[in-house]
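Below is one structure; the comments refer to it alone.
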Amino acid sequence: MAQDIQIYNTKTKAIEKFVPITEGEVSIYSCGPTVYYYPHLGNMRPYVFADTLRRMFISAGYKVNHVINITDVGHLTGDNDGDADTGEDKMEKGSAREGKSAWDVAKFYMEDFFECLDLLNIPRAEYQFPRATDYIEEQINLIKLLEDKGFTYVISDGVYFDTSKFPKYAEFAHLDIEGLRSGARVEANEEKRNITDFALWKFSPKDQQRQMEWDSPWGKGFPGWHIECSAMSKKLLGPHFDIHTGGIDHIPVHHTNEIAQSECANGVKYVNYWMHVNFLNDKDGKMSKSKGDFLRLQSLQEIGISPLEYKYYLLTSHYRAQMDLDITAIHSAGTAYKKLWNFCVENITSDGEVNTKYKREFTDALYDDVGTPAAIAIMWNLTKDTDIKNEDKYRTIIEMSHILGLKLHMAVKEEVVLTDEVKKLLDERHAVREAKNWPEADRLRDKITELGFEVKDTDEGQEVKEIKRI
Ligand code: AMP
Ligand code: ZN
């Protein structure tokens, strides 16, 4: 019998058994990056989660249809302060910063995002990546549908959704509308009928030519940020699908608005399960692109931490738990990951069988709301279990690694090719060790390390390994 999968649903605030809309299939939409700058380490957390979710369903025998959108228009800077309808378009901001067109900025950072996915072993070929600017017609059609049904009104800067016409508006995020109203900033748009109303279509400013703008039945302009996800998910997954994911910052505005638009336009329930990933915080709180001084995967590589070690670090925390950007902790996670890697190098075999008891414990842990920390703990228990043959441990760990996307099957013995310089230093070190000149032996070891080789002293003499970035 197939194992049950339990997931936490933000909507009901409860762990629920996953029941697909279509037997054996799961449709997932994950809110994707705004491609106006490099993704930081925190930005990558939701995609590592989304990919783990996909892998989890595949391991349970599901066919997965997964969409991650690319936001390349309409996400305004005001969103950083919780107001998604004000400020500059982040793409135009990127364009001004770099002296390139908004289109070139989008292309550049989209490619960088894809490279980050590659580094984290998130296989692009398994996803659809729709770009908002390729779905303008679908967005306009959805707004027209909302207009025909009486959910919209037009004011001087755009077409807005009237949230008072969707009585369930506050339900999803448990919003305190009265509190929002009294706490509203004075400069908030006074033409809006309700504090929570949001832009579906924004008009291009009269005095300024935007780089990204389109004709519409309401005038030249561009889509609001929320409508893209409703329009693209409808087109690619249908008006009602299984799972929607994103960061927790999306709950009160972006996802609340997506639900309002989609359910009012389509007349059916939008999504069955909502899953939200907690933040990675730096010392000043949530790491964010707008703060500028953030770390990215490549910054970790510069200090010797590989993207897969960072991925392992992320998986050692539950996705609903807040994480701190703690370089010491990332280093420790990297050391643990290397140990698993070395275990695989030392025990590589094509024989061996998957241990069904451990595999079952592992999937039970994972299927309990994507319980990656517990699943990883079971991997470690397996390595330490003296009742199990090493070849069976190896096979089982490789199977677990495939499910988590940790790439341990790439751990193979490699022949060390020494350069003449390293050979000479090793000979010198051998001589000074014979003479018991330990400080000099240590100095030479450091020199060899600098050249990319690790030296261990064993009973048989010096053992040399190339230091590899995994
Ligand atoms: P953006 O590219 O800014 O639209 O964000 C892409 C994704 O990263 C969204 O799902 C955000 O919720 C998420 N995100 C942004 N900052 C963080 C952070 N510090 N930690 C975890 N996730 C984040
Ligand atoms: Zn979205």
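Here's how to read the names in the structure tokens: chain A, B, ... by the order shown, residue numbers from 1 in each chain, ligand numbers from 1 in the order shown.
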
Inset, instruction - Show me which residues sit within 10 Å of ligand 2 when counting only C-alpha atoms and all ligand atoms, and put them as a VMD selection string. - result: chain A and resid 29 to 34 68 to 71 225 to 230 232 to 233 244 to 247 250 254 to 255 257 to 258

Legend entry - Site check for ligand 1: residues at most 7 Å away, only C-alpha atoms and all ligand atoms, as number ranges by chain: A: 31-35, 39, 42-46, 246-250, 277-281, 286-289

Inset, instruction - Please identify all polymer residues within 10 Å of Val105 in chain A, counting only C-alpha atoms, omitting same-chain residues fewer than 6 positions from it, and present them as a list in words. - result: Val35, Tyr36, Tyr37, Asp72, Met91, Glu92, Lys93, Gly94, Ser95, Ala96, Arg97, Glu98 and Gly99 of chain A

Dump N, CA and C atoms for the selected residues as a short mmCIF file (atom, residue, chain, number, x, y, z; two decimals), in the first residue's frame?
```
data_model
loop_
_atom_site.label_atom_id
_atom_site.label_comp_id
_atom_site.auth_asym_id
_atom_site.auth_seq_id
_atom_site.Cartn_x
_atom_site.Cartn_y
_atom_site.Cartn_z
N VAL A 35 13.56 38.94 -11.13
CA VAL A 35 14.91 38.90 -11.71
C VAL A 35 15.49 40.29 -11.98
N TYR A 36 15.66 41.06 -10.89
CA TYR A 36 16.25 42.39 -11.06
C TYR A 36 17.61 42.46 -10.39
N TYR A 37 17.98 41.35 -9.70
CA TYR A 37 19.27 41.32 -9.02
C TYR A 37 19.60 39.87 -8.71
N ASP A 72 9.26 39.16 -14.17
CA ASP A 72 10.13 40.09 -14.88
C ASP A 72 9.42 41.39 -15.23
N MET A 91 12.24 46.08 -11.96
CA MET A 91 13.00 45.87 -13.20
C MET A 91 13.58 47.19 -13.71
N GLU A 92 12.77 48.27 -13.62
CA GLU A 92 13.25 49.58 -14.10
C GLU A 92 14.36 50.08 -13.16
N LYS A 93 14.22 49.72 -11.88
CA LYS A 93 15.26 50.09 -10.91
C LYS A 93 16.58 49.39 -11.27
N GLY A 94 16.48 48.10 -11.61
CA GLY A 94 17.68 47.34 -12.02
C GLY A 94 18.30 47.94 -13.26
N SER A 95 17.43 48.40 -14.17
CA SER A 95 17.89 48.98 -15.42
C SER A 95 18.68 50.27 -15.16
N ALA A 96 18.15 51.11 -14.27
CA ALA A 96 18.83 52.38 -13.96
C ALA A 96 20.17 52.09 -13.26
N ARG A 97 20.17 51.10 -12.38
CA ARG A 97 21.39 50.77 -11.63
C ARG A 97 22.51 50.30 -12.56
N GLU A 98 22.13 49.57 -13.61
CA GLU A 98 23.16 48.92 -14.43
C GLU A 98 23.36 49.54 -15.80
N GLY A 99 22.54 50.53 -16.13
CA GLY A 99 22.67 51.16 -17.44
C GLY A 99 22.39 50.19 -18.59
#
```

Legend entry - 8 Å contact set for Thr349 in chain A, only C-alpha atoms, chain neighbours under 6 positions out, as a list in words: Glu391, Tyr394 and Arg395 of chain A

Inset, instruction - List every residue of range 82-182 of chain A that DSSP, applied to the backbone of this structure, places in alpha helix (DSSP H), and write the result as a ChimeraX atom specification. - result: /A:90-98,102-119,136-148,177-182

Inset, instruction - Please provide the set of residues having any atom within 10 Å of range 118-135 of chain A, restricted to only C-alpha atoms, with same-chain residues fewer than 6 positions apart removed, written as number ranges by chain. - result: A: 28-30, 32, 44, 47-48, 50-52, 54-55, 64-74, 103, 106, 110, 112, 212-214, 222-223, 225, 227-229, 231-233, 235-236, 297-298, 306-312, 404-407

Prev. selection, N, CA and C atoms, output as a compact mmCIF listing (two decimals), in the first residue's frame:
```
# COMPACT_ATOMS: atom_id res chain seq x y z
N ILE A 28 1.95 21.58 -8.77
CA ILE A 28 2.55 22.50 -7.79
C ILE A 28 2.94 23.81 -8.49
N TYR A 29 2.58 24.91 -7.85
CA TYR A 29 3.02 26.23 -8.35
C TYR A 29 3.85 26.88 -7.25
N SER A 30 5.07 27.28 -7.60
CA SER A 30 5.95 27.94 -6.63
C SER A 30 6.24 29.35 -7.10
N GLY A 32 8.15 32.39 -7.96
CA GLY A 32 9.57 32.42 -8.34
C GLY A 32 10.24 33.75 -8.09
N MET A 44 17.17 31.40 -2.08
CA MET A 44 17.27 30.04 -2.62
C MET A 44 16.59 29.02 -1.71
N TYR A 47 13.35 27.51 -3.02
CA TYR A 47 13.48 26.64 -4.20
C TYR A 47 14.08 25.30 -3.83
N VAL A 48 14.97 25.30 -2.83
CA VAL A 48 15.47 24.02 -2.32
C VAL A 48 14.28 23.27 -1.72
N ALA A 50 11.04 23.67 -2.54
CA ALA A 50 10.12 23.27 -3.61
C ALA A 50 10.65 22.02 -4.31
N ASP A 51 11.97 21.96 -4.51
CA ASP A 51 12.54 20.81 -5.21
C ASP A 51 12.50 19.56 -4.33
N THR A 52 12.66 19.74 -3.03
CA THR A 52 12.58 18.60 -2.11
C THR A 52 11.15 18.06 -2.11
N ARG A 54 9.04 18.26 -4.61
CA ARG A 54 8.88 17.55 -5.88
C ARG A 54 9.50 16.16 -5.80
N ARG A 55 10.72 16.08 -5.27
CA ARG A 55 11.40 14.79 -5.17
C ARG A 55 10.65 13.85 -4.23
N VAL A 64 4.66 14.53 -11.22
CA VAL A 64 4.61 15.92 -10.72
C VAL A 64 4.61 16.92 -11.87
N ASN A 65 3.70 17.85 -11.82
CA ASN A 65 3.69 18.95 -12.78
C ASN A 65 4.01 20.22 -11.99
N HIS A 66 5.22 20.73 -12.15
CA HIS A 66 5.70 21.81 -11.26
C HIS A 66 6.05 23.08 -12.05
N VAL A 67 5.50 24.19 -11.59
CA VAL A 67 5.75 25.49 -12.25
C VAL A 67 6.46 26.42 -11.26
N ILE A 68 7.53 27.06 -11.73
CA ILE A 68 8.14 28.17 -10.96
C ILE A 68 8.13 29.37 -11.90
N ASN A 69 7.45 30.43 -11.51
CA ASN A 69 7.37 31.56 -12.44
C ASN A 69 8.58 32.48 -12.31
N ILE A 70 8.79 33.25 -13.35
CA ILE A 70 9.86 34.26 -13.34
C ILE A 70 9.16 35.63 -13.39
N THR A 71 9.32 36.41 -12.32
CA THR A 71 8.71 37.74 -12.29
C THR A 71 9.66 38.72 -12.97
N ASP A 72 9.26 39.16 -14.17
CA ASP A 72 10.13 40.09 -14.88
C ASP A 72 9.42 41.39 -15.23
N VAL A 73 8.32 41.66 -14.52
CA VAL A 73 7.65 42.97 -14.65
C VAL A 73 6.68 43.12 -13.47
N GLY A 74 6.42 44.39 -13.10
CA GLY A 74 5.29 44.69 -12.22
C GLY A 74 5.50 44.54 -10.73
N TRP A 103 14.89 44.70 -20.11
CA TRP A 103 14.82 43.36 -20.73
C TRP A 103 16.15 42.63 -20.57
N ALA A 106 16.57 41.53 -16.96
CA ALA A 106 15.78 40.31 -16.69
C ALA A 106 16.49 39.08 -17.22
N MET A 110 17.92 36.14 -14.82
CA MET A 110 17.21 34.86 -14.98
C MET A 110 18.25 33.76 -15.22
N ASP A 112 21.32 33.85 -14.23
CA ASP A 112 22.04 33.65 -12.96
C ASP A 112 21.22 32.75 -12.03
N MET A 212 8.86 48.73 -20.19
CA MET A 212 7.97 47.59 -20.33
C MET A 212 6.55 48.09 -20.19
N GLU A 213 5.82 48.16 -21.30
CA GLU A 213 4.42 48.58 -21.23
C GLU A 213 3.65 47.99 -22.39
N TRP A 214 2.35 47.82 -22.19
CA TRP A 214 1.51 47.17 -23.19
C TRP A 214 0.17 47.91 -23.29
N PHE A 222 0.99 48.25 -17.37
CA PHE A 222 1.63 46.95 -17.07
C PHE A 222 0.84 46.26 -15.97
N PRO A 223 0.97 44.93 -15.89
CA PRO A 223 0.17 44.21 -14.89
C PRO A 223 0.70 44.40 -13.48
N TRP A 225 1.65 42.88 -9.74
CA TRP A 225 2.47 41.69 -9.51
C TRP A 225 1.63 40.43 -9.27
N ILE A 227 -1.38 39.45 -10.25
CA ILE A 227 -2.21 38.86 -11.32
C ILE A 227 -1.39 37.86 -12.15
N GLU A 228 -0.07 38.05 -12.22
CA GLU A 228 0.72 37.13 -13.06
C GLU A 228 0.61 35.69 -12.56
N CYS A 229 0.66 35.52 -11.22
CA CYS A 229 0.64 34.15 -10.69
C CYS A 229 -0.73 33.51 -10.91
N ALA A 231 -2.78 34.23 -13.37
CA ALA A 231 -2.96 33.97 -14.80
C ALA A 231 -2.11 32.80 -15.28
N MET A 232 -0.86 32.75 -14.84
CA MET A 232 0.04 31.69 -15.34
C MET A 232 -0.30 30.35 -14.73
N SER A 233 -0.70 30.32 -13.46
CA SER A 233 -1.07 29.02 -12.86
C SER A 233 -2.33 28.49 -13.53
N LYS A 235 -3.30 29.03 -16.62
CA LYS A 235 -2.96 28.55 -17.96
C LYS A 235 -2.21 27.21 -17.91
N LEU A 236 -1.29 27.07 -16.96
CA LEU A 236 -0.41 25.90 -16.97
C LEU A 236 -0.89 24.74 -16.08
N LEU A 297 25.30 32.19 -3.27
CA LEU A 297 25.98 30.90 -3.31
C LEU A 297 27.45 31.07 -3.65
N GLN A 298 27.70 31.98 -4.60
CA GLN A 298 29.08 32.18 -5.05
C GLN A 298 29.94 32.76 -3.93
N SER A 306 30.70 24.55 -0.48
CA SER A 306 30.09 24.26 -1.78
C SER A 306 28.57 24.43 -1.70
N PRO A 307 27.91 24.68 -2.85
CA PRO A 307 26.45 24.82 -2.86
C PRO A 307 25.74 23.60 -2.28
N LEU A 308 26.29 22.41 -2.52
CA LEU A 308 25.62 21.21 -1.98
C LEU A 308 25.77 21.13 -0.47
N GLU A 309 26.87 21.65 0.04
CA GLU A 309 27.01 21.71 1.51
C GLU A 309 25.98 22.68 2.08
N TYR A 310 25.76 23.79 1.38
CA TYR A 310 24.74 24.75 1.82
C TYR A 310 23.34 24.12 1.75
N LYS A 311 23.11 23.36 0.69
CA LYS A 311 21.82 22.69 0.55
C LYS A 311 21.62 21.72 1.73
N TYR A 312 22.68 20.98 2.05
CA TYR A 312 22.60 20.05 3.19
C TYR A 312 22.27 20.84 4.46
N LEU A 404 16.76 13.21 -1.71
CA LEU A 404 17.01 14.56 -1.20
C LEU A 404 17.80 15.43 -2.19
N GLY A 405 18.25 14.84 -3.28
CA GLY A 405 19.01 15.62 -4.26
C GLY A 405 20.39 16.00 -3.75
N LEU A 406 21.05 15.09 -3.02
CA LEU A 406 22.35 15.43 -2.43
C LEU A 406 23.55 14.98 -3.27
N LYS A 407 23.27 14.29 -4.35
CA LYS A 407 24.32 13.93 -5.33
C LYS A 407 25.42 13.03 -4.79
```

Inset, instruction - With a distance cut-off of 10 Å and only C-alpha atoms, select the neighbouring residues of Asp83 in chain A, excluding the residue or stretch itself and same-chain residues fewer than 3 positions from it, and output the selection as a PyMOL selection string. - result: chain A and resi 76-80+86-87+188+196+198+253

Inset, instruction - Have a look at CA of Lys269 in chain A and CA of Val370 in chain A and let me know their distance in Å, one decimal. - result: 24.5 Å

Legend entry - Minimum-distance residue to Arg360 in chain A, chosen among A:Glu399, A:Ile195, A:Asp387, A:Met410 (using only C-alpha atoms):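 Counting only C-alpha atoms, the residue closest to Arg360 in chain A is A:Glu399.
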